[in-house]
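model.cif (mmCIF, C-alpha atoms)
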data_coords
#
loop_
_atom_site.label_atom_id
_atom_site.label_comp_id
_atom_site.auth_asym_id
_atom_site.auth_seq_id
_atom_site.Cartn_x
_atom_site.Cartn_y
_atom_site.Cartn_z
CA MET A 1 133.83 84.12 101.67
CA ASN A 2 136.03 86.23 99.44
CA GLU A 3 135.12 89.69 98.21
CA LYS A 4 134.23 88.54 94.70
CA THR A 5 131.78 85.90 95.91
CA LEU A 6 130.25 88.32 98.38
CA GLY A 7 129.81 90.86 95.57
CA ALA A 8 128.05 88.26 93.42
CA VAL A 9 125.76 87.23 96.29
CA ILE A 10 124.88 90.85 97.13
CA SER A 11 124.04 91.59 93.48
CA ALA A 12 121.96 88.43 93.09
CA ILE A 13 119.72 88.94 96.14
CA PRO A 14 117.40 91.68 94.66
CA THR A 15 116.86 89.58 91.52
CA VAL A 16 116.12 86.51 93.65
CA ILE A 17 113.60 88.54 95.72
CA LEU A 18 111.79 89.71 92.57
CA VAL A 19 111.73 86.24 90.99
CA VAL A 20 110.42 84.69 94.23
CA CYS A 21 107.67 87.35 94.37
CA VAL A 22 106.57 86.70 90.77
CA VAL A 23 106.54 82.93 91.37
CA ALA A 24 104.60 83.47 94.62
CA ALA A 25 102.02 85.61 92.76
CA PHE A 26 101.31 82.81 90.30
CA ALA A 27 101.43 80.09 92.97
CA MET A 28 98.92 81.96 95.15
CA HIS A 29 96.47 82.12 92.24
CA GLY A 30 96.69 78.48 91.21
CA TRP A 31 99.08 79.26 88.31
CA ASN A 32 96.17 80.93 86.54
CA VAL A 33 97.63 83.70 84.35
CA GLN A 34 94.42 85.74 84.07
CA ALA A 35 93.66 85.60 87.80
CA THR A 36 97.25 86.62 88.58
CA LEU A 37 97.37 89.48 86.09
CA ILE A 38 93.90 90.96 86.44
CA GLY A 39 92.54 89.85 89.81
CA ASP A 40 89.08 91.37 89.94
CA ASN A 41 87.18 90.74 86.74
CA PRO A 42 87.08 94.19 84.99
CA ALA A 43 83.62 93.36 83.62
CA GLU A 44 82.32 93.01 87.20
CA VAL A 45 83.85 96.36 88.18
CA LEU A 46 82.28 97.98 85.11
CA GLU A 47 78.94 96.36 85.96
CA ARG A 48 79.04 97.95 89.41
CA LEU A 49 79.59 101.40 87.85
CA VAL A 50 77.45 101.40 84.73
CA PRO A 51 73.64 101.25 85.03
CA GLY A 52 71.92 98.05 83.97
CA GLU A 53 69.28 97.86 81.24
CA SER A 54 66.42 97.79 83.75
CA ASP A 55 67.65 101.06 85.30
CA MET A 56 68.02 102.74 81.92
CA GLY A 57 64.45 101.90 80.99
CA LYS A 58 63.03 104.13 83.75
CA ASP A 59 62.13 107.77 83.19
CA LEU A 60 64.79 110.08 84.57
CA LEU A 61 62.40 112.85 85.46
CA GLU A 62 58.95 112.28 86.90
CA VAL A 63 56.67 115.28 87.49
CA THR A 64 54.68 114.80 90.68
CA ASN A 65 52.88 118.14 90.90
CA SER A 66 52.46 121.36 88.94
CA ARG A 67 50.92 124.59 90.11
CA VAL A 68 50.94 128.34 89.68
CA SER A 69 52.28 130.37 92.58
CA ASP A 70 49.81 132.27 94.78
CA ASP A 71 50.55 135.59 93.06
CA GLY A 72 50.12 133.92 89.69
CA THR A 73 53.51 134.97 88.36
CA LYS A 74 55.38 131.67 88.59
CA LEU A 75 54.90 128.15 87.42
CA VAL A 76 56.12 125.68 90.04
CA LEU A 77 56.81 122.08 89.06
CA GLU A 78 57.62 119.45 91.64
CA ALA A 79 59.46 116.50 90.23
CA VAL A 80 61.49 113.49 91.23
CA LEU A 81 64.73 112.76 89.43
CA HIS A 82 65.95 109.16 89.40
CA SER A 83 69.63 108.44 88.89
CA PRO A 84 70.56 105.14 87.27
CA LEU A 85 74.23 105.67 88.15
CA ASN A 86 76.00 103.90 90.98
CA ILE A 87 77.70 107.12 92.03
CA PRO A 88 76.38 110.36 93.57
CA VAL A 89 75.53 113.05 91.04
CA THR A 90 74.96 116.77 91.51
CA ILE A 91 72.57 118.57 89.18
CA LYS A 92 74.14 121.99 88.82
CA GLU A 93 71.72 123.36 86.28
CA LEU A 94 68.45 122.21 84.84
CA SER A 95 66.16 124.15 82.58
CA ALA A 96 63.40 123.27 80.15
CA ASP A 97 60.52 124.75 78.24
CA VAL A 98 57.31 123.38 79.73
CA VAL A 99 54.30 123.06 77.50
CA MET A 100 50.87 122.54 79.08
CA GLY A 101 48.14 122.73 76.54
CA ASP A 102 48.54 126.07 74.76
CA ASN A 103 50.63 127.57 77.54
CA SER A 104 54.37 127.38 77.81
CA CYS A 105 57.14 128.81 79.96
CA THR A 106 60.76 128.14 80.83
CA VAL A 107 61.43 126.54 84.19
CA SER A 108 64.76 126.10 85.88
CA LEU A 109 66.31 124.73 89.03
CA PRO A 110 67.00 127.49 91.58
CA ASN A 111 69.72 125.55 93.47
CA ALA A 112 72.02 122.64 92.79
CA VAL A 113 70.60 119.29 93.92
CA GLU A 114 72.52 116.18 94.91
CA ILE A 115 71.22 112.74 93.99
CA PRO A 116 72.64 109.77 95.88
CA ALA A 117 74.01 106.74 94.05
CA LYS A 118 71.14 104.86 92.35
CA GLY A 119 68.77 107.10 94.30
CA SER A 120 66.21 109.80 93.69
CA ALA A 121 65.94 113.47 94.61
CA SER A 122 62.96 115.80 94.76
CA LEU A 123 63.29 118.94 92.69
CA THR A 124 61.30 122.11 92.52
CA LEU A 125 61.51 123.80 89.14
CA GLU A 126 60.33 127.36 88.85
CA GLY A 127 59.67 129.62 85.92
CA ALA A 128 58.17 133.02 85.43
CA LEU A 129 54.93 132.99 83.51
CA PRO A 130 54.88 135.58 80.72
CA GLU A 131 51.45 136.67 81.80
CA VAL A 132 48.81 135.43 84.17
CA GLN A 133 47.86 132.07 82.80
CA MET A 134 45.54 129.36 83.98
CA LEU A 135 46.88 125.85 83.90
CA PRO A 136 44.62 123.44 82.11
CA SER A 137 43.64 120.82 84.65
CA GLY A 138 44.35 117.17 84.00
CA ARG A 139 47.10 117.94 81.52
CA THR A 140 50.57 116.52 82.01
CA PRO A 141 53.35 118.96 81.25
CA THR A 142 55.61 118.21 78.31
CA PHE A 143 59.26 119.24 78.36
CA ARG A 144 61.09 120.72 75.42
CA ASN A 145 64.61 122.03 74.97
CA MET A 146 65.72 120.47 78.21
CA LYS A 147 69.23 121.40 79.30
CA MET A 148 71.00 119.78 82.21
CA THR A 149 74.47 120.17 83.70
CA LEU A 150 75.64 117.33 85.91
CA ASP A 151 78.65 117.17 88.17
CA ILE A 152 79.90 113.62 88.65
CA SER A 153 82.87 113.68 91.04
CA GLY A 154 84.19 116.85 89.40
CA ILE A 155 83.46 115.76 85.83
CA GLU A 156 80.99 118.10 84.18
CA LEU A 157 78.46 116.70 81.75
CA LYS A 158 76.18 119.04 79.82
CA MET A 159 73.23 117.48 78.09
CA GLU A 160 70.63 118.98 75.82
CA GLU A 161 67.23 117.56 74.91
CA SER A 162 68.13 114.06 73.68
CA GLY A 163 68.92 111.24 76.05
CA LEU A 164 67.10 112.74 79.01
CA GLY A 165 64.08 110.47 78.90
CA GLY A 166 60.42 111.42 78.75
CA ALA A 167 58.64 113.35 81.43
CA GLY A 168 55.06 113.30 80.43
CA MET B 1 144.38 111.15 127.31
CA THR B 2 145.07 113.29 124.24
CA SER B 3 145.77 110.24 122.06
CA GLU B 4 142.44 108.69 123.24
CA VAL B 5 140.51 111.81 122.13
CA VAL B 6 142.32 111.80 118.77
CA ALA B 7 141.50 108.09 118.31
CA LYS B 8 137.83 108.72 119.14
CA SER B 9 137.63 111.63 116.72
CA ASN B 10 139.21 109.44 114.01
CA VAL B 11 136.54 106.81 114.65
CA TRP B 12 133.76 109.35 114.14
CA ARG B 13 135.50 110.65 111.03
CA GLY B 14 135.62 107.09 109.68
CA VAL B 15 131.82 106.79 109.69
CA ASN B 16 130.08 107.53 106.40
CA TRP B 17 127.46 109.92 107.84
CA PRO B 18 125.67 110.74 104.56
CA GLY B 19 125.41 106.98 104.01
CA ILE B 20 123.83 106.45 107.44
CA ILE B 21 121.20 109.13 106.82
CA ALA B 22 120.58 107.91 103.25
CA GLY B 23 120.34 104.30 104.48
CA MET B 24 117.73 105.19 107.09
CA LEU B 25 115.72 107.23 104.57
CA ILE B 26 115.88 104.41 102.01
CA ILE B 27 114.65 101.88 104.59
CA ALA B 28 111.73 104.18 105.47
CA LEU B 29 110.89 105.11 101.87
CA PRO B 30 108.64 102.14 100.91
CA PHE B 31 106.39 102.96 103.88
CA LEU B 32 105.99 106.69 103.21
CA GLY B 33 103.29 106.40 100.55
CA THR B 34 102.98 107.15 96.88
CA TRP B 35 105.23 109.56 94.96
CA TRP B 36 102.90 110.93 92.28
CA ARG B 37 99.18 111.55 92.14
CA PHE B 38 96.97 111.88 89.07
CA MET B 39 93.33 112.85 89.31
CA LEU B 40 90.41 113.29 86.93
CA GLY B 41 87.66 115.51 88.31
CA THR B 42 87.59 115.78 92.10
CA GLY B 43 88.02 112.05 92.58
CA ALA B 44 86.30 110.41 89.62
CA VAL B 45 89.55 108.69 88.72
CA VAL B 46 92.43 108.73 91.18
CA THR B 47 95.80 107.18 90.43
CA ALA B 48 98.58 107.33 92.99
CA LEU B 49 101.88 105.76 92.06
CA SER B 50 105.31 104.98 93.37
CA PRO B 51 107.62 102.03 92.74
CA PHE B 52 106.24 100.61 96.02
CA SER B 53 102.51 101.14 95.58
CA VAL B 54 99.92 101.53 92.88
CA TYR B 55 96.45 102.82 93.71
CA VAL B 56 93.80 103.14 91.02
CA SER B 57 90.26 104.13 91.86
CA VAL B 58 87.47 104.74 89.34
CA PHE B 59 84.42 106.34 90.97
CA GLY B 60 85.39 104.78 94.26
CA GLU B 61 85.95 101.30 92.82
CA THR B 62 89.55 100.33 93.42
CA MET B 63 91.34 98.18 90.91
CA SER B 64 94.32 95.99 91.57
CA SER B 65 96.42 93.27 90.04
CA PRO B 66 97.79 90.45 92.23
CA LEU B 67 100.93 90.26 90.07
CA PHE B 68 101.53 94.00 90.60
CA TRP B 69 100.99 93.58 94.34
CA TRP B 70 103.67 90.88 94.50
CA LEU B 71 106.06 92.79 92.23
CA ILE B 72 105.65 95.85 94.43
CA LEU B 73 106.33 93.72 97.51
CA GLY B 74 109.51 92.53 95.80
CA LEU B 75 110.56 96.12 95.07
CA LYS B 76 109.81 97.13 98.68
CA LEU B 77 111.96 94.28 100.02
CA GLY B 78 114.66 95.07 97.47
CA VAL B 79 114.83 98.73 98.46
CA VAL B 80 114.81 97.93 102.18
CA TYR B 81 117.67 95.52 101.45
CA LEU B 82 119.59 98.33 99.68
CA GLY B 83 118.98 100.64 102.66
CA VAL B 84 120.26 98.01 105.09
CA LEU B 85 123.36 97.44 102.93
CA LEU B 86 124.08 101.17 102.74
CA LEU B 87 123.56 101.61 106.47
CA THR B 88 125.75 98.61 107.31
CA GLY B 89 128.47 99.67 104.87
CA SER B 90 128.45 103.22 106.22
CA VAL B 91 128.89 101.99 109.81
CA LEU B 92 131.46 99.32 108.89
CA SER B 93 133.63 102.03 107.27
CA VAL B 94 134.89 102.73 110.79
CA SER B 95 136.68 99.39 110.96
CA ASN B 96 139.87 98.90 109.01
CA ARG B 97 139.27 95.15 109.08
CA HIS B 98 135.92 95.49 107.30
CA ALA B 99 136.81 98.42 105.05
CA ALA B 100 136.68 96.30 101.88
CA ILE B 101 133.22 94.91 102.71
CA ALA B 102 132.00 98.40 103.67
CA GLU B 103 133.22 99.75 100.35
CA LEU B 104 131.49 96.89 98.52
CA PHE B 105 128.19 97.47 100.36
CA VAL B 106 128.21 101.24 99.80
CA ARG B 107 129.36 100.97 96.19
CA PHE B 108 126.55 98.49 95.40
CA SER B 109 123.70 100.25 97.22
CA ALA B 110 124.40 104.00 97.21
CA ARG B 111 123.32 104.91 93.67
CA LYS B 112 120.52 102.40 93.08
CA LEU B 113 117.79 104.69 94.44
CA LEU B 114 118.91 107.46 92.09
CA TRP B 115 118.35 105.14 89.12
CA LEU B 116 114.95 104.15 90.53
CA VAL B 117 113.91 107.82 90.88
CA VAL B 118 115.19 108.65 87.38
CA ALA B 119 113.47 105.59 85.88
CA PHE B 120 110.19 106.48 87.64
CA VAL B 121 110.20 110.08 86.36
CA ALA B 122 111.29 109.00 82.87
CA ALA B 123 108.50 106.38 82.71
CA LEU B 124 105.92 109.00 83.73
CA LEU B 125 107.23 111.48 81.15
CA ILE B 126 107.17 108.89 78.36
CA PHE B 127 103.62 107.87 79.36
CA ILE B 128 102.40 111.51 79.35
CA VAL B 129 104.05 112.24 75.98
CA LEU B 130 102.41 109.13 74.50
CA VAL B 131 98.99 110.01 75.93
CA ASN B 132 99.25 113.59 74.58
CA GLN B 133 100.22 112.32 71.13
CA LEU B 134 97.70 109.46 71.07
CA PRO B 135 94.61 111.34 69.73
CA GLU B 136 96.67 112.74 66.84
CA LEU B 137 98.24 109.37 66.05
CA VAL B 138 94.95 107.47 66.14
CA GLY B 139 93.03 110.28 64.43
CA LEU B 140 90.61 111.07 67.24
CA PRO B 141 88.55 114.27 66.92
CA PHE B 142 89.90 115.85 70.13
CA ARG B 143 93.22 116.92 71.59
CA LEU B 144 94.68 115.98 74.95
CA GLN B 145 96.97 118.33 76.79
CA LEU B 146 98.09 116.64 79.98
CA PRO B 147 100.51 118.70 82.06
CA TYR B 148 104.03 117.34 82.25
CA LEU B 149 104.27 115.69 85.70
CA ILE B 150 102.97 118.67 87.72
CA GLY B 151 100.00 120.95 87.15
CA SER B 152 96.42 120.96 86.06
CA SER B 153 94.48 121.26 82.85
CA SER B 154 91.11 120.32 81.53
CA PHE B 155 89.89 118.11 78.73
CA SER B 156 86.73 118.82 76.80
CA THR B 157 84.91 116.79 74.21
CA GLY B 158 81.40 116.63 72.91
CA VAL B 159 79.01 114.75 70.72
CA GLU B 160 75.61 115.92 69.56
CA GLY B 161 73.72 117.25 72.55
CA MET B 162 76.42 116.35 75.04
CA GLN B 163 79.50 118.15 76.30
CA LEU B 164 81.98 116.56 78.68
CA THR B 165 84.55 118.57 80.64
CA ILE B 166 87.10 116.71 82.75
CA PRO B 167 89.53 118.63 84.99
CA ILE B 168 92.92 116.92 85.19
CA SER B 169 95.44 117.46 87.95
CA MET B 170 98.72 115.81 88.86
CA GLY B 171 101.66 116.39 91.12
CA PHE B 172 104.41 114.88 93.22
CA THR B 173 103.94 114.13 96.89
CA ARG B 174 106.24 114.74 99.90
CA ALA B 175 107.36 111.11 99.72
CA PHE B 176 108.89 111.87 96.31
CA VAL B 177 110.82 114.80 97.79
CA ILE B 178 112.17 112.45 100.46
CA ALA B 179 113.09 109.94 97.73
CA VAL B 180 115.02 112.64 95.84
CA VAL B 181 116.81 113.70 99.06
CA ALA B 182 117.64 110.06 99.87
CA ALA B 183 118.90 109.48 96.30
CA ALA B 184 121.08 112.61 96.46
CA LEU B 185 122.44 111.58 99.87
CA GLY B 186 123.18 108.14 98.40
CA VAL B 187 125.36 109.76 95.73
CA VAL B 188 127.05 111.92 98.39
CA ALA B 189 127.64 108.75 100.47
CA TRP B 190 129.22 107.04 97.46
CA LEU B 191 131.60 110.00 96.91
CA TYR B 192 132.30 110.24 100.65
CA GLN B 193 133.15 106.53 100.78
CA LYS B 194 135.76 107.05 98.04
CA ARG B 195 137.33 109.80 100.16
CA LEU B 196 137.43 107.53 103.21
CA LEU B 197 139.52 104.90 101.39
#

Spit out the file's structure as structure tokens when you get a sec.
Amino acid sequence: MNEKTLGAVISAIPTVILVVCVVAAFAMHGWNVQATLIGDNPAEVLERLVPGESDMGKDLLEVTNSRVSDDGTKLVLEAVLHSPLNIPVTIKELSADVVMGDNSCTVSLPNAVEIPAKGSASLTLEGALPEVQMLPSGRTPTFRNMKMTLDISGIELKMEESGLGGAG
Amino acid sequence: MTSEVVAKSNVWRGVNWPGIIAGMLIIALPFLGTWWRFMLGTGAVVTALSPFSVYVSVFGETMSSPLFWWLILGLKLGVVYLGVLLLTGSVLSVSNRHAAIAELFVRFSARKLLWLVVAFVAALLIFIVLVNQLPELVGLPFRLQLPYLIGSSSFSTGVEGMQLTIPISMGFTRAFVIAVVAAALGVVAWLYQKRLL
């Protein structure tokens, strides 16, 4: 083999390798262009990440118990927060004005809480009562001016009032 | 005895040492991992790229394209082939009988990795420039300021009652440093080969 031929062969080999690989890709996927280009259906991937309609219909926050602390200075709300997302979420901040009958106070989350993917977490919201107040029995608290800061894998999402779902 | 030592030393001098090192690095390169990493948040979106691997993960869901996988396999084989050629050419330089083939092998393979590294960096730069210009071109109500290849920044946008802040970070990996070293050694090997002739 002379030098010129050898040079041509050497130069052609990388191109041949690439062409063979492209042909193999199509052959392995039954010559289906979409299956070869995309592989996993992006809609299916999106479906796994984004909550379905049935999940979105549920209330995000569900108050399970409300009471005044023993010394009568704090309103304590126990709640369960449901996450419709398929990824873990950390609630960094949560505050809201709670209205119970004629009484109202601002409650907030003392510590960050982590909610597992599509799971629920129990929260205890606390707020100082402006003065000693009696909670009207049998009344469900209503939330106003709710503010929430979520941390989703480092992405921070701050939400106010709308889109948080009802809680009572 | 003296002429034997001189002959041996001439043999060693005939070897293209930078080519041998570059060849070995080039052969190893496809197996050393990705060259550049891009991240949104602390792992919400992770993209790790090199000419030999593409990894895209969105909230833990990895995405892949079969065609890309095969193309990457082709590039891996192609680069290993270049490394083998460079290594063989660098060793064959010792023999006067195979000097022409050695020169051909080294001349063909020595600078290819440099072009690959340059093309990779240029493609990333063009992509980042386009992404940074995109909101202005399309008329979107926010601005993107991605760092150029290395660094971190943050992107913020909001609609009524909602504010989204996304930290962005990107940088080169150690594998890229090795690729740059291998590419530089390839150029040195090419120059060295010319001197050997």

Checklist entry - Can you list what the PyMOL selection byres ((chain A) within 7 of (chain B)) grabs from this structure, as a list in words? => result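 This file, filtered by the PyMOL selection byres ((chain A) within 7 of (chain B)), leaves Gly7, Pro14, Ile17, Leu18, Cys21, Val22, Ala25, Thr36, Leu37, Ile38, Gly39, Ile87, Ser153, Gly154, Ile155, Glu156, Leu157, Lys158, Met159, Glu160, Glu161 and Ser162 of chain A.
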
Next on the checklist: What would the selection look like, as JSON, numbers by chain, if the PyMOL selection byres ((chain B and resi 36) around 8) were run on the coordinates I just shared?
Outcome noted: {"B": [34, 35, 37, 38, 48, 49, 50, 170, 171, 172, 173, 176]}

For the residues in that selection, give me C-alpha atoms as a short mmCIF file (atom, residue, chain, number, x, y, z; two decimals), keeping the file's coordinate frame.
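The result, stored in result_33.cif:
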data_model
loop_
_atom_site.label_atom_id
_atom_site.label_comp_id
_atom_site.auth_asym_id
_atom_site.auth_seq_id
_atom_site.Cartn_x
_atom_site.Cartn_y
_atom_site.Cartn_z
CA THR B 34 102.98 107.15 96.88
CA TRP B 35 105.23 109.56 94.96
CA ARG B 37 99.18 111.55 92.14
CA PHE B 38 96.97 111.88 89.07
CA ALA B 48 98.58 107.33 92.99
CA LEU B 49 101.88 105.76 92.06
CA SER B 50 105.31 104.98 93.37
CA MET B 170 98.72 115.81 88.86
CA GLY B 171 101.66 116.39 91.12
CA PHE B 172 104.41 114.88 93.22
CA THR B 173 103.94 114.13 96.89
CA PHE B 176 108.89 111.87 96.31
#

Item to check | Counting all atoms listed in the file, the residue of A:Val76, A:Met146, A:Ala35, A:Leu85 that sits nearest A:Leu129 | outcome: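 Checking each candidate against A:Leu129, we get A:Val76 as the closest.
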
Please list as a compact mmCIF listing (two decimals) with C-alpha atoms, keeping the file's coordinate frame every residue within 9 Å of stretch 112-127 of chain B, counting all atoms listed in the file and excluding residues in the same chain fewer than 3 positions away.
# COMPACT_ATOMS: atom_id res chain seq x y z
CA ILE B 26 115.88 104.41 102.01
CA SER B 50 105.31 104.98 93.37
CA PRO B 51 107.62 102.03 92.74
CA VAL B 79 114.83 98.73 98.46
CA LEU B 82 119.59 98.33 99.68
CA PHE B 108 126.55 98.49 95.40
CA SER B 109 123.70 100.25 97.22
CA LEU B 130 102.41 109.13 74.50
CA VAL B 131 98.99 110.01 75.93
CA ASN B 132 99.25 113.59 74.58
CA TYR B 148 104.03 117.34 82.25
CA LEU B 149 104.27 115.69 85.70
CA PHE B 176 108.89 111.87 96.31
CA ALA B 179 113.09 109.94 97.73
CA VAL B 180 115.02 112.64 95.84
CA ALA B 182 117.64 110.06 99.87
CA ALA B 183 118.90 109.48 96.30
CA ALA B 184 121.08 112.61 96.46
CA GLY B 186 123.18 108.14 98.40
CA VAL B 187 125.36 109.76 95.73

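Interatomic distance, atom CA of A:Leu60 against atom CA of A:Thr90: 14.0 Å.
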
Item to check | Resolved residues for the PyMOL selection byres ((chain B and resi 27) around 7) as a list in words | outcome: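 Expected selection for the PyMOL selection byres ((chain B and resi 27) around 7) here is Gly23, Met24, Leu25, Ile26, Ala28, Leu29, Val79, Val80, Gly83 and Val84 of chain B.
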
Next on the checklist: Which residue is closest to B:Asn16? Choose from B:Ser152, B:Ser53, B:Thr88, B:Ser169 and count all atoms listed in the file.
Outcome noted: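 Under the stated criterion, the closest residue is B:Thr88.
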
Item to check | atom CA of A:His82 to atom CA of B:Ser57, distance in Å rounded to a single decimal | outcome: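 Distance reported for this atom pair: 24.9 Å.
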
Checklist entry - Can you tell me how far atom CA of B:Phe52 sits from atom CA of A:Ala8, in Å to one decimal? => result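 Going from atom CA of B:Phe52 over to atom CA of A:Ala8 covers 25.2 Å.
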
Where is the centre and how long are the edges: axis-aligned box on stretch 58-76 of chain A, 4 Å on each side, Å to one decimal, as JSON:
{"center_x": 57.3, "center_y": 119.9, "center_z": 89.0, "size_x": 23.0, "size_y": 39.5, "size_z": 19.6}

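Nearest to B:Glu103 of all the residues A:Val16, A:Leu94, A:Val89, A:Leu6 is A:Leu6, counting only C-alpha atoms.
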
Take stretch 27-38 of chain B, model N, CA, C and O atoms, and hand the result over as a tab-separated table (two decimals), in the coordinates of the input.
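Final file, selection.tsv:
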chain	number	residue	atom	x	y	z
B	27	ILE	N	115.42	102.93	103.89
B	27	ILE	CA	114.65	101.88	104.59
B	27	ILE	C	113.21	102.36	104.84
B	27	ILE	O	112.26	101.59	104.70
B	28	ALA	N	113.07	103.64	105.16
B	28	ALA	CA	111.73	104.18	105.47
B	28	ALA	C	110.89	104.41	104.22
B	28	ALA	O	109.65	104.38	104.27
B	29	LEU	N	111.56	104.66	103.10
B	29	LEU	CA	110.89	105.11	101.87
B	29	LEU	C	109.69	104.25	101.41
B	29	LEU	O	108.63	104.82	101.08
B	30	PRO	N	109.80	102.93	101.38
B	30	PRO	CA	108.64	102.14	100.91
B	30	PRO	C	107.39	102.30	101.77
B	30	PRO	O	106.30	101.92	101.34
B	31	PHE	N	107.55	102.85	102.97
B	31	PHE	CA	106.39	102.96	103.88
B	31	PHE	C	105.86	104.40	103.97
B	31	PHE	O	105.02	104.70	104.80
B	32	LEU	N	106.39	105.29	103.13
B	32	LEU	CA	105.99	106.69	103.21
B	32	LEU	C	104.87	107.07	102.23
B	32	LEU	O	104.44	108.20	102.20
B	33	GLY	N	104.42	106.12	101.45
B	33	GLY	CA	103.29	106.40	100.55
B	33	GLY	C	103.73	106.62	99.12
B	33	GLY	O	104.90	106.46	98.77
B	34	THR	N	102.74	107.02	98.32
B	34	THR	CA	102.98	107.15	96.88
B	34	THR	C	103.77	108.42	96.54
B	34	THR	O	103.80	109.35	97.33
B	35	TRP	N	104.37	108.44	95.37
B	35	TRP	CA	105.23	109.56	94.96
B	35	TRP	C	104.51	110.57	94.06
B	35	TRP	O	104.86	111.73	94.03
B	36	TRP	N	103.53	110.07	93.30
B	36	TRP	CA	102.90	110.93	92.28
B	36	TRP	C	101.41	110.64	92.24
B	36	TRP	O	100.99	109.49	92.38
B	37	ARG	N	100.64	111.69	92.09
B	37	ARG	CA	99.18	111.55	92.14
B	37	ARG	C	98.57	112.17	90.89
B	37	ARG	O	98.94	113.27	90.49
B	38	PHE	N	97.65	111.43	90.29
B	38	PHE	CA	96.97	111.88	89.07
B	38	PHE	C	95.46	111.78	89.33
B	38	PHE	O	94.99	110.78	89.86
